[in-house]
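Below is model-v2.cif, which holds mmCIF, C-alpha atoms and all ligand atoms.
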```cif
data_upload
loop_
_atom_site.group_PDB
_atom_site.id
_atom_site.type_symbol
_atom_site.label_atom_id
_atom_site.label_comp_id
_atom_site.auth_asym_id
_atom_site.auth_seq_id
_atom_site.Cartn_x
_atom_site.Cartn_y
_atom_site.Cartn_z
ATOM 1 C CA MET A 10 -9.095 19.020 -59.163
ATOM 2 C CA LYS A 11 -12.334 18.813 -57.336
ATOM 3 C CA ASN A 12 -11.728 15.126 -56.779
ATOM 4 C CA LEU A 13 -8.185 15.793 -55.613
ATOM 5 C CA THR A 14 -9.412 18.376 -53.136
ATOM 6 C CA LYS A 15 -11.983 15.948 -51.937
ATOM 7 C CA THR A 16 -9.351 13.241 -51.620
ATOM 8 C CA LEU A 17 -7.042 15.615 -49.788
ATOM 9 C CA ALA A 18 -9.849 16.635 -47.500
ATOM 10 C CA VAL A 19 -10.593 13.006 -46.768
ATOM 11 C CA LEU A 20 -6.894 12.331 -46.223
ATOM 12 C CA VAL A 21 -6.607 15.308 -43.905
ATOM 13 C CA THR A 22 -9.661 14.130 -42.074
ATOM 14 C CA ILE A 23 -8.203 10.651 -41.713
ATOM 15 C CA LEU A 24 -4.899 12.139 -40.576
ATOM 16 C CA MET A 25 -6.686 14.361 -38.092
ATOM 17 C CA VAL A 26 -8.743 11.502 -36.854
ATOM 18 C CA SER A 27 -5.767 9.228 -36.530
ATOM 19 C CA CYS A 28 -3.739 12.009 -34.975
ATOM 20 C CA GLY A 29 -6.610 12.707 -32.689
ATOM 21 C CA ASP A 30 -6.853 9.069 -31.776
ATOM 22 C CA GLU A 31 -3.141 8.832 -31.287
ATOM 23 C CA LYS A 32 -3.148 11.917 -29.143
ATOM 24 C CA LYS A 33 -6.116 10.646 -27.248
ATOM 25 C CA GLU A 34 -4.435 7.330 -26.750
ATOM 26 C CA GLN A 35 -1.234 9.020 -25.675
ATOM 27 C CA GLU A 36 -3.142 11.236 -23.329
ATOM 28 C CA THR A 37 -4.953 8.263 -21.922
ATOM 29 C CA ILE A 38 -1.689 6.485 -21.328
ATOM 30 C CA THR A 39 -0.149 9.581 -19.813
ATOM 31 C CA ILE A 40 -3.130 10.077 -17.565
ATOM 32 C CA GLY A 41 -2.999 6.402 -16.741
ATOM 33 C CA GLU A 42 0.634 6.663 -15.753
ATOM 34 C CA GLU A 43 0.174 9.872 -13.875
ATOM 35 C CA GLY A 44 -2.938 8.474 -12.349
ATOM 36 C CA THR A 45 -1.052 5.480 -11.056
ATOM 37 C CA ILE A 46 1.746 7.606 -9.695
ATOM 38 C CA GLU A 47 -0.748 10.039 -8.263
ATOM 39 C CA LYS A 48 -2.571 7.185 -6.619
ATOM 40 C CA ILE A 49 0.629 6.047 -4.911
ATOM 41 C CA ASP A 50 1.306 9.648 -3.855
ATOM 42 C CA THR A 51 -2.219 9.995 -2.570
ATOM 43 C CA ARG A 52 -1.836 6.802 -0.629
ATOM 44 C CA ASP A 53 1.375 8.151 0.872
ATOM 45 C CA GLU A 54 -0.379 11.374 1.758
ATOM 46 C CA ASP A 55 -3.269 9.433 3.232
ATOM 47 C CA GLN A 56 -0.838 7.428 5.279
ATOM 48 C CA THR A 57 0.840 10.588 6.473
ATOM 49 C CA ALA A 58 -2.523 12.111 7.216
ATOM 50 C CA ALA A 59 -3.522 9.004 9.129
ATOM 51 C CA ASP A 60 -0.300 9.172 11.114
ATOM 52 C CA ASN A 61 -0.931 12.825 11.868
ATOM 53 C CA VAL A 62 -4.431 12.061 13.014
ATOM 54 C CA GLU A 63 -3.099 9.235 15.108
ATOM 55 C CA SER A 64 -0.508 11.322 16.857
ATOM 56 C CA GLY A 65 -2.433 14.576 16.709
ATOM 57 C CA GLU A 66 -6.188 14.871 16.730
ATOM 58 C CA ALA A 67 -7.175 11.317 17.550
ATOM 59 C CA ILE A 68 -5.058 11.120 20.685
ATOM 60 C CA GLN A 69 -4.749 14.235 22.822
ATOM 61 C CA ARG A 70 -3.269 14.812 26.267
ATOM 62 C CA GLN A 71 -4.615 17.444 28.594
ATOM 63 C CA ASP A 72 -4.547 17.846 32.362
ATOM 64 C CA GLY A 73 -3.210 14.356 32.941
ATOM 65 C CA VAL A 74 -5.918 12.740 30.860
ATOM 66 C CA VAL A 75 -5.332 11.120 27.513
ATOM 67 C CA GLN A 76 -8.319 11.576 25.235
ATOM 68 C CA ILE A 77 -8.713 8.918 22.551
ATOM 69 C CA ASN A 78 -11.074 9.759 19.717
ATOM 70 C CA LEU A 79 -11.874 6.438 18.131
ATOM 71 C CA THR A 80 -14.313 6.235 15.251
ATOM 72 C CA GLY A 81 -16.080 3.351 13.564
ATOM 73 C CA ASP A 82 -17.827 3.620 10.209
ATOM 74 C CA ASP A 83 -20.266 1.794 7.951
ATOM 75 C CA MET A 84 -17.325 0.031 6.266
ATOM 76 C CA MET A 85 -16.519 -1.843 9.477
ATOM 77 C CA LYS A 86 -13.364 0.172 10.092
ATOM 78 C CA PHE A 87 -11.836 1.823 13.134
ATOM 79 C CA ASN A 88 -9.804 4.985 12.437
ATOM 80 C CA LEU A 89 -7.052 3.705 14.717
ATOM 81 C CA ASN A 90 -5.289 0.360 14.542
ATOM 82 C CA GLU A 91 -2.916 1.311 17.296
ATOM 83 C CA ILE A 92 -3.394 3.313 20.470
ATOM 84 C CA ARG A 93 -0.431 4.192 22.692
ATOM 85 C CA VAL A 94 -0.820 5.319 26.277
ATOM 86 C CA LYS A 95 1.280 5.267 29.427
ATOM 87 C CA ALA A 96 0.770 2.897 32.340
ATOM 88 C CA GLY A 97 -1.437 4.337 35.061
ATOM 89 C CA GLU A 98 -2.600 7.197 32.867
ATOM 90 C CA THR A 99 -6.268 8.153 32.934
ATOM 91 C CA VAL A 100 -7.700 7.255 29.563
ATOM 92 C CA ARG A 101 -10.896 8.824 28.294
ATOM 93 C CA LEU A 102 -12.002 7.022 25.189
ATOM 94 C CA THR A 103 -14.771 8.368 23.021
ATOM 95 C CA LEU A 104 -16.105 6.045 20.378
ATOM 96 C CA THR A 105 -18.026 7.810 17.631
ATOM 97 C CA HIS A 106 -19.976 5.904 15.001
ATOM 98 C CA VAL A 107 -19.449 8.108 11.962
ATOM 99 C CA GLY A 108 -21.638 5.916 9.768
ATOM 100 C CA GLN A 109 -25.378 5.916 9.308
ATOM 101 C CA LEU A 110 -26.388 2.305 9.681
ATOM 102 C CA PRO A 111 -28.351 1.367 12.809
ATOM 103 C CA GLU A 112 -26.946 -0.557 15.752
ATOM 104 C CA ASN A 113 -28.632 -3.838 14.808
ATOM 105 C CA ALA A 114 -26.970 -3.816 11.367
ATOM 106 C CA MET A 115 -23.624 -2.102 11.986
ATOM 107 C CA GLY A 116 -23.219 -1.759 15.734
ATOM 108 C CA HIS A 117 -19.791 -0.830 17.079
ATOM 109 C CA ASN A 118 -18.192 -0.951 20.480
ATOM 110 C CA PHE A 119 -14.695 -0.900 21.903
ATOM 111 C CA VAL A 120 -13.652 -3.905 23.927
ATOM 112 C CA LEU A 121 -10.220 -3.954 25.533
ATOM 113 C CA LEU A 122 -9.110 -7.527 26.110
ATOM 114 C CA LYS A 123 -6.822 -8.923 28.751
ATOM 115 C CA GLN A 124 -3.458 -10.190 27.583
ATOM 116 C CA GLY A 125 -3.539 -13.788 26.517
ATOM 117 C CA THR A 126 -7.102 -13.611 25.267
ATOM 118 C CA ASP A 127 -7.691 -15.553 22.066
ATOM 119 C CA VAL A 128 -9.250 -12.835 19.905
ATOM 120 C CA VAL A 129 -10.930 -15.256 17.489
ATOM 121 C CA ASP A 130 -12.356 -17.371 20.281
ATOM 122 C CA PHE A 131 -13.565 -14.290 22.125
ATOM 123 C CA GLY A 132 -15.040 -12.791 18.943
ATOM 124 C CA GLN A 133 -16.954 -15.972 18.256
ATOM 125 C CA ARG A 134 -18.300 -16.230 21.798
ATOM 126 C CA ALA A 135 -19.258 -12.552 21.717
ATOM 127 C CA ALA A 136 -21.255 -13.101 18.539
ATOM 128 C CA THR A 137 -23.668 -15.348 20.433
ATOM 129 C CA ALA A 138 -24.157 -12.849 23.272
ATOM 130 C CA SER A 139 -26.731 -10.656 21.575
ATOM 131 C CA GLY A 140 -28.660 -10.299 24.814
ATOM 132 C CA ASN A 141 -25.636 -8.828 26.585
ATOM 133 C CA ASP A 142 -24.435 -6.164 24.131
ATOM 134 C CA TYR A 143 -22.257 -8.851 22.487
ATOM 135 C CA ILE A 144 -20.092 -9.260 25.561
ATOM 136 C CA PRO A 145 -19.936 -12.939 26.593
ATOM 137 C CA GLU A 146 -21.742 -13.284 29.904
ATOM 138 C CA GLY A 147 -19.450 -13.896 32.848
ATOM 139 C CA THR A 148 -16.303 -13.367 30.771
ATOM 140 C CA ASN A 149 -13.076 -12.562 32.568
ATOM 141 C CA ASN A 150 -11.310 -11.534 29.352
ATOM 142 C CA VAL A 151 -12.510 -7.941 29.299
ATOM 143 C CA ILE A 152 -10.616 -5.086 30.941
ATOM 144 C CA VAL A 153 -13.129 -2.455 29.915
ATOM 145 C CA HIS A 154 -15.663 -1.895 27.157
ATOM 146 C CA THR A 155 -18.047 0.726 25.834
ATOM 147 C CA GLU A 156 -21.687 0.164 25.072
ATOM 148 C CA MET A 157 -22.703 -0.833 21.561
ATOM 149 C CA ILE A 158 -23.725 2.141 19.399
ATOM 150 C CA GLY A 159 -25.231 2.755 15.980
ATOM 151 C CA GLY A 160 -24.689 5.371 13.261
ATOM 152 C CA GLY A 161 -24.464 8.946 14.492
ATOM 153 C CA GLU A 162 -24.049 7.963 18.135
ATOM 154 C CA GLU A 163 -21.099 8.299 20.464
ATOM 155 C CA THR A 164 -20.144 6.914 23.827
ATOM 156 C CA THR A 165 -17.348 7.666 26.280
ATOM 157 C CA ILE A 166 -15.640 5.573 28.925
ATOM 158 C CA GLU A 167 -12.902 6.496 31.357
ATOM 159 C CA PHE A 168 -10.455 4.059 32.830
ATOM 160 C CA THR A 169 -6.916 3.768 34.124
ATOM 161 C CA ALA A 170 -4.421 2.377 31.650
ATOM 162 C CA PRO A 171 -3.381 -1.109 32.734
ATOM 163 C CA GLU A 172 0.217 -2.194 33.295
ATOM 164 C CA ALA A 173 2.717 -1.870 30.468
ATOM 165 C CA GLY A 174 2.214 -4.302 27.643
ATOM 166 C CA THR A 175 0.355 -4.835 24.393
ATOM 167 C CA TYR A 176 -3.354 -5.539 24.506
ATOM 168 C CA ASP A 177 -5.872 -6.277 21.771
ATOM 169 C CA TYR A 178 -9.008 -4.254 21.306
ATOM 170 C CA ILE A 179 -11.898 -5.193 19.095
ATOM 171 C CA CYS A 180 -15.456 -4.377 18.170
ATOM 172 C CA SER A 181 -17.435 -7.389 19.373
ATOM 173 C CA PHE A 182 -20.408 -7.021 17.008
ATOM 174 C CA PRO A 183 -20.745 -10.362 15.162
ATOM 175 C CA GLY A 184 -17.947 -10.721 12.613
ATOM 176 C CA HIS A 185 -16.521 -7.253 13.140
ATOM 177 C CA TYR A 186 -13.459 -8.310 15.149
ATOM 178 C CA ILE A 187 -11.891 -9.641 11.935
ATOM 179 C CA GLN A 188 -11.484 -6.099 10.594
ATOM 180 C CA MET A 189 -12.169 -3.988 13.632
ATOM 181 C CA GLN A 190 -9.255 -4.732 15.882
ATOM 182 C CA GLY A 191 -6.119 -2.998 16.971
ATOM 183 C CA LYS A 192 -3.292 -2.917 19.453
ATOM 184 C CA PHE A 193 -3.588 -0.979 22.676
ATOM 185 C CA ILE A 194 0.000 -0.408 23.667
ATOM 186 C CA VAL A 195 0.757 0.661 27.223
ATOM 187 C CA GLU A 196 4.271 1.994 27.703
HETATM 188 CU CU CU B 1 -18.366 -2.968 14.835
#
```

Translate this structure into structure tokens?
Ligand SMILES: [Cu+2]
Amino acid sequence: MKNLTKTLAVLVTILMVSCGDEKKEQETITIGEEGTIEKIDTRDEDQTAADNVESGEAIQRQDGVVQINLTGDDMMKFNLNEIRVKAGETVRLTLTHVGQLPENAMGHNFVLLKQGTDVVDFGQRAATASGNDYIPEGTNNVIVHTEMIGGGEETTIEFTAPEAGTYDYICSFPGHYIQMQGKFIVE
């Protein structure tokens, strides 16, 4: 009887353990599935949030001036990949470096390029222009650009939106144009 009890206890323990494992495994799978779904949802929400920022906070119109709040971070990313303005509109663009790395390691600027500019070619030429804020000396490809800034800094430029069309903008710090570029669309 004592042995039977012991055996039963062991059996129960095994059952509990296996049940526990099974449950754990099931839970893990469930979490995994939910996690995946949640991740997709989150991504959707992020996308929506990004769109809201794009049309809301990041681009604001007031008193005939369109304020663009562009940010660059330590991950070599701009917050905006597309900026839409109207031809002839006064554009005030504030570039904020929301990262912490210094200018010599993770400098960012905003360079608006003329139509027809080869972005790769320009980016490569800019990379050699360290003595000129990474703007190729004597270039005629630039419509307007900000100064180069480091983590925690911000800079603002004001200019008149050029004629209707699609323009490229980049950060001209060496290698950054590959990720840090977007379309400046003038309607
Ligand atoms: Cu940059």

Step by step, work through what the PyMOL selection byres (((chain A and resi 169-173) around 8) and not hetatm) selects in the shown file, and finish by giving those residues as a ChimeraX atom specification.
/A:94-100,167-168,174-175,194-196

What does the file look like for those residues with C-alpha atoms, as a PDB file, keeping the file's coordinate frame?
```pdb
ATOM      1  CA  VAL A  94      -0.820   5.319  26.277  1.00  0.00           C
ATOM      2  CA  LYS A  95       1.280   5.267  29.427  1.00  0.00           C
ATOM      3  CA  ALA A  96       0.770   2.897  32.340  1.00  0.00           C
ATOM      4  CA  GLY A  97      -1.437   4.337  35.061  1.00  0.00           C
ATOM      5  CA  GLU A  98      -2.600   7.197  32.867  1.00  0.00           C
ATOM      6  CA  THR A  99      -6.268   8.153  32.934  1.00  0.00           C
ATOM      7  CA  VAL A 100      -7.700   7.255  29.563  1.00  0.00           C
ATOM      8  CA  GLU A 167     -12.902   6.496  31.357  1.00  0.00           C
ATOM      9  CA  PHE A 168     -10.455   4.059  32.830  1.00  0.00           C
ATOM     10  CA  GLY A 174       2.214  -4.302  27.643  1.00  0.00           C
ATOM     11  CA  THR A 175       0.355  -4.835  24.393  1.00  0.00           C
ATOM     12  CA  ILE A 194       0.000  -0.408  23.667  1.00  0.00           C
ATOM     13  CA  VAL A 195       0.757   0.661  27.223  1.00  0.00           C
ATOM     14  CA  GLU A 196       4.271   1.994  27.703  1.00  0.00           C
TER      15      GLU A 196
END
```

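Among the candidates A:Tyr178, A:Phe193, A:Phe119, A:Phe131, the one nearest to ligand CU 1 (chain B) when counting all atoms listed in the file is A:Phe119.
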
Around ligand CU 1 (chain B), out to 7 Å and counting all atoms listed in the file, which residues are there? I want them as a VMD selection string.
chain A and resid 81 85 115 to 118 180 to 182 185 189

Please list, as an MDAnalysis selection string, the residues that have an atom at most 8 Å away from (-23.7, 7.9, 21.3) in the coordinates of this file, counting all atoms listed in the file.
chainID A and resid 104:106 158:159 161:164

One decimal place gives the CA of Gly140 (chain A)-CA of Glu91 (chain A) separation as 29.2 Å

Taking the file above as input, evaluate the PyMOL selection byres (((chain A and resi 154) around 9) and not hetatm) and report the hits as a PyMOL selection string.
chain A and resi 118-122+144+151-153+155-156+166

Export of the given selection (C-alpha atoms) as a compact mmCIF listing (two decimals), keeping the file's coordinate frame:
```
# COMPACT_ATOMS: atom_id res chain seq x y z
CA ASN A 118 -18.19 -0.95 20.48
CA PHE A 119 -14.70 -0.90 21.90
CA VAL A 120 -13.65 -3.90 23.93
CA LEU A 121 -10.22 -3.95 25.53
CA LEU A 122 -9.11 -7.53 26.11
CA ILE A 144 -20.09 -9.26 25.56
CA VAL A 151 -12.51 -7.94 29.30
CA ILE A 152 -10.62 -5.09 30.94
CA VAL A 153 -13.13 -2.46 29.92
CA THR A 155 -18.05 0.73 25.83
CA GLU A 156 -21.69 0.16 25.07
CA ILE A 166 -15.64 5.57 28.92
```

Tell me which residues the PyMOL selection byres (((chain A and resi 136) around 9) and not hetatm) grabs here, as a PyMOL selection string.
chain A and resi 131-135+137-139+143-145+181-184

Export of the given selection (C-alpha atoms) as an mmCIF file, keeping the file's coordinate frame:
```
data_model
loop_
_atom_site.group_PDB
_atom_site.id
_atom_site.type_symbol
_atom_site.label_atom_id
_atom_site.label_comp_id
_atom_site.auth_asym_id
_atom_site.auth_seq_id
_atom_site.Cartn_x
_atom_site.Cartn_y
_atom_site.Cartn_z
ATOM 1 C CA PHE A 131 -13.565 -14.290 22.125
ATOM 2 C CA GLY A 132 -15.040 -12.791 18.943
ATOM 3 C CA GLN A 133 -16.954 -15.972 18.256
ATOM 4 C CA ARG A 134 -18.300 -16.230 21.798
ATOM 5 C CA ALA A 135 -19.258 -12.552 21.717
ATOM 6 C CA THR A 137 -23.668 -15.348 20.433
ATOM 7 C CA ALA A 138 -24.157 -12.849 23.272
ATOM 8 C CA SER A 139 -26.731 -10.656 21.575
ATOM 9 C CA TYR A 143 -22.257 -8.851 22.487
ATOM 10 C CA ILE A 144 -20.092 -9.260 25.561
ATOM 11 C CA PRO A 145 -19.936 -12.939 26.593
ATOM 12 C CA SER A 181 -17.435 -7.389 19.373
ATOM 13 C CA PHE A 182 -20.408 -7.021 17.008
ATOM 14 C CA PRO A 183 -20.745 -10.362 15.162
ATOM 15 C CA GLY A 184 -17.947 -10.721 12.613
#
```

Take CA of Asn150 (chain A) and CA of Leu79 (chain A) and report the distance between them in Å, one decimal.
21.2 Å

Using Å and a single decimal, report how far CA of Gly108 (chain A) sits from CA of Glu146 (chain A).
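Computing the Euclidean distance for CA of Glu146 (chain A) and CA of Gly108 (chain A) yields 27.8 Å.
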
Which residue of A:Met157, A:Ala114, A:Ile92, A:Val128 approaches Gln76 (chain A) most closely, using only C-alpha atoms:
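Comparing A:Met157, A:Ala114, A:Ile92, A:Val128 against Gln76 (chain A), the winner is A:Ile92.
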